[in-house]
Amino acid sequence: MLTTRRRFLRSMTCVAAASVTRGVPLQPPAAPPQLLDTRALARFVDPLPIPVVTKPAGVRPSPAVKGVQIPYYHVSMKQFTAKVHRDVAATTFWGYNGMCPGPTFEARRGQPILVEWANDLPQHHFFPIDYTLHGAEKDKPEVRTVVHLHGGKTRPESDGFPEDWFTTGQSATYYYPNEQEAAGLFYHDHAMGITRLNAVAGLMGMYFLRDEFEDSLNLPKGESEIPLVLFDRSFWPNGRLYYPTSGKPDAPWVSEYYGSAILANGKIFPYSEVQPRKYRLRLLNASNGSYYRLSLAADTAMTSSGVAFHQIGSEQGFLSTSEQTDLLILGPGERADLIVDFSRFAGKEIFLRTDVTVVMQFRISSTGTADMSSLPATLRPIARIPESTAVNTRELTLADYQNRLGRSSVMLLNGSHWSMPVTEDPLLNSTEVWSFINLTDDSHPIHLHMVRFQVLDRRPFDLSVYQLTRKIVFTGPPATLSANELGWKDTVRVDPMTVTRIIVRFDGYPGKYVWHCHMLEHEDNEMMRPYVVKAGVNG
């Protein structure tokens, strides 16, 4: 049964569809009695960790250019323990090189690298596996991993195709050409049917791609550039990670996961000591399903007016101009590049929050070193792709199918299961418009592998008319796009009962890739489809 019911999201950290589109704040719920009440923890007692920058382990022959040696990295997925808060017992995680977030990659445009991803995890998962999900059947090993460089333009054999998983004791070596503009990418697990579980366990990290244009902008750097990986989690009183189940032992899948605490770089309520100068914040929403409405405030009670900041980039690089704002909506898989000027707040405190929830504290010192960095008004020019260049327009539905009890049983893209024949098959170097028709009450972040795109518009339509006639009748004008949607993107928010259009040029490589919802519980239950880029177009 196809449904359009409202999903009542269950967490202070998330933003339900109504909240995304109408700005309605959510009140923090109490944790279930048996779980750790993370709201009661002391605030700002742990410093914000900064993920280490990984270093090459040596050089290896390039698979693309004969006789050329390129940097080689070895990254091991390991089980480890870490404290998420001073007053919480150590938590068991899985992480790249035994860290969550994993180590940060610093790559340069035009300088390819090789990364060997090694699975050194235990042979048994510490979350229940739903063997009824496609790709997670009982004949598959419990612990499977495959790494996707989210936002990377890579050949299909290095993209992290969900069925290319490898098991404990195995590894896979991927080639990253780094032939794209400077951007904040990230890497994470993408194993078919258990991505959501591997993500909650901790398998994610950032990947910064630099270029000469970025160098020329004189942006804050070094200690003044702070990566911020945000994700929500719930915990048992003993510090163990909690992941909910349906209550059915044979089918434990749940349609969404929202934690009771937001972690910044792996800590709950951390603080960061900064100077009264400009800082560059590189944000990533690595949550399974939570949207964040991020802002800065001068007090935790939020009685003061918001602190303005500037957005200079989105997922696939710089915006054309620096955009001043006091609110950033960030969905799962989305990134943002911000400049915050703390010079007016010497000796004071600023708080990062999402609606009513405080995430972390910035402590600004009274004095600091001279700030020689810049905030350019003009950044990288972005030529809009003319719609007239599109050779094809695809109308693609997002739908939630429920059982007789009104519970989600499966979510599909364009009414198709993963195993059905490929229907999206653009030609290499061609341009297409993809129209996402959202028939659900969720805001779905839709991600396309390998390519970047531009958002054209988002517009409400009459759901009843569409269900009866399959014709789109718009009920209002296009919504105003935020600064975060004006640049190059690889993940787009598709709001409920709207048609969201993107325009994509499929330049890169031919082969099989995927497009999917980046709410990981949805992705793991059929809301993911393969697509094939076919060779045949020059230029």
# chains A, B, ... in the order shown; residues from 1 in each chain; ligands from 1

$ residues_around --residues "Arg353 of chain A" --least-positions-apart "4" --cutoff "7 Å" --atoms "only C-alpha atoms" --output "list in words"
Leu294, Ser295, Leu296, Thr357, Val358 and Val359 of chain A

$ write_last_selection --atoms "C-alpha atoms" --output "PDB file, in the first residue's frame"
ATOM      1  CA  LEU A 294      22.398  24.920  12.252  1.00  0.00           C
ATOM      2  CA  SER A 295      22.939  28.365  13.684  1.00  0.00           C
ATOM      3  CA  LEU A 296      25.295  30.220  16.034  1.00  0.00           C
ATOM      4  CA  THR A 357      19.630  21.692  20.899  1.00  0.00           C
ATOM      5  CA  VAL A 358      23.129  22.948  21.654  1.00  0.00           C
ATOM      6  CA  VAL A 359      25.826  20.974  19.845  1.00  0.00           C
TER       7      VAL A 359
END

$ select_by_dssp --residues "segment 319-500 of chain A" --states "strand (DSSP E or B)" --output "PyMOL selection string"
chain A and resi 319-325+328-330+335-341+349-354+357-364+378+392-402+408-413+416+427+431-438+444-448+453-461+474+489+491-494+498-500

$ residues_around --residues "Val492 of chain A" --least-positions-apart "6" --cutoff "7 Å" --atoms "only C-alpha atoms" --output "PyMOL selection string"
chain A and resi 445-447

$ residues_around --residues "segment 37-43 of chain A" --least-positions-apart "6" --cutoff "9 Å" --atoms "only C-alpha atoms" --output "list in words"
Pro28, Ala30, Ala31, His85, Arg86, Asp87, Val88, Ser234, Phe235, Trp236, Pro237, Ser260, Ala261, Ile268, Phe269, Pro270, Tyr271, Met360 and Gln361 of chain A

$ write_last_selection --atoms "C-alpha atoms" --output "compact mmCIF listing (two decimals), in the first residue's frame"
# COMPACT_ATOMS: atom_id res chain seq x y z
CA PRO A 28 14.10 17.31 22.77
CA ALA A 30 13.51 12.19 26.96
CA ALA A 31 15.52 9.04 26.28
CA HIS A 85 32.03 12.21 27.09
CA ARG A 86 34.00 12.57 30.29
CA ASP A 87 31.19 11.04 32.35
CA VAL A 88 30.27 8.16 30.02
CA SER A 234 22.00 6.86 21.53
CA PHE A 235 23.74 4.88 24.26
CA TRP A 236 23.09 2.33 26.95
CA PRO A 237 24.11 3.43 30.48
CA SER A 260 19.43 11.26 21.63
CA ALA A 261 22.77 13.10 21.40
CA ILE A 268 28.98 15.06 23.11
CA PHE A 269 28.85 18.78 24.07
CA PRO A 270 32.53 19.51 23.29
CA TYR A 271 34.22 22.90 23.39
CA MET A 360 29.08 22.55 21.01
CA GLN A 361 30.76 25.65 22.42

$ residues_around --residues "Ala264 of chain A" --least-positions-apart "5" --cutoff "12 Å" --atoms "only C-alpha atoms" --output "PyMOL selection string"
chain A and resi 44+46-51+84-85+100-101+226-233+269-272+282-287+352-353+358-361

$ residues_around --residues "segment 147-154 of chain A" --least-positions-apart "3" --cutoff "10 Å" --atoms "only C-alpha atoms" --output "ChimeraX atom specification"
/A:117-118,157-162,164-166,172-180,183-191,203-207,209,315-316,333-334,447-452,489-491,507-509

$ select_by_dssp --residues "segment 175-246 of chain A" --states "alpha helix (DSSP H)" --output "VMD selection string"
chain A and resid 195 to 201 212 to 216

$ residues_around --residues "Asp425 of chain A" --least-positions-apart "3" --cutoff "8 Å" --atoms "only C-alpha atoms" --output "VMD selection string"
chain A and resid 422 531 to 534

$ closest_residue --among "A:Ser246, A:Thr367, A:Thr300, A:Ser216" --to "Glu273 of chain A" --atoms "only C-alpha atoms"
A:Thr367

$ closest_residue --among "A:Gly202, A:Pro381, A:Pro376, A:Gly289" --to "Asn97 of chain A" --atoms "only C-alpha atoms"
A:Gly202

$ atom_distance --atom1 "atom CA of Pro56 of chain A" --atom2 "atom CA of Arg108 of chain A"
13.4 Å
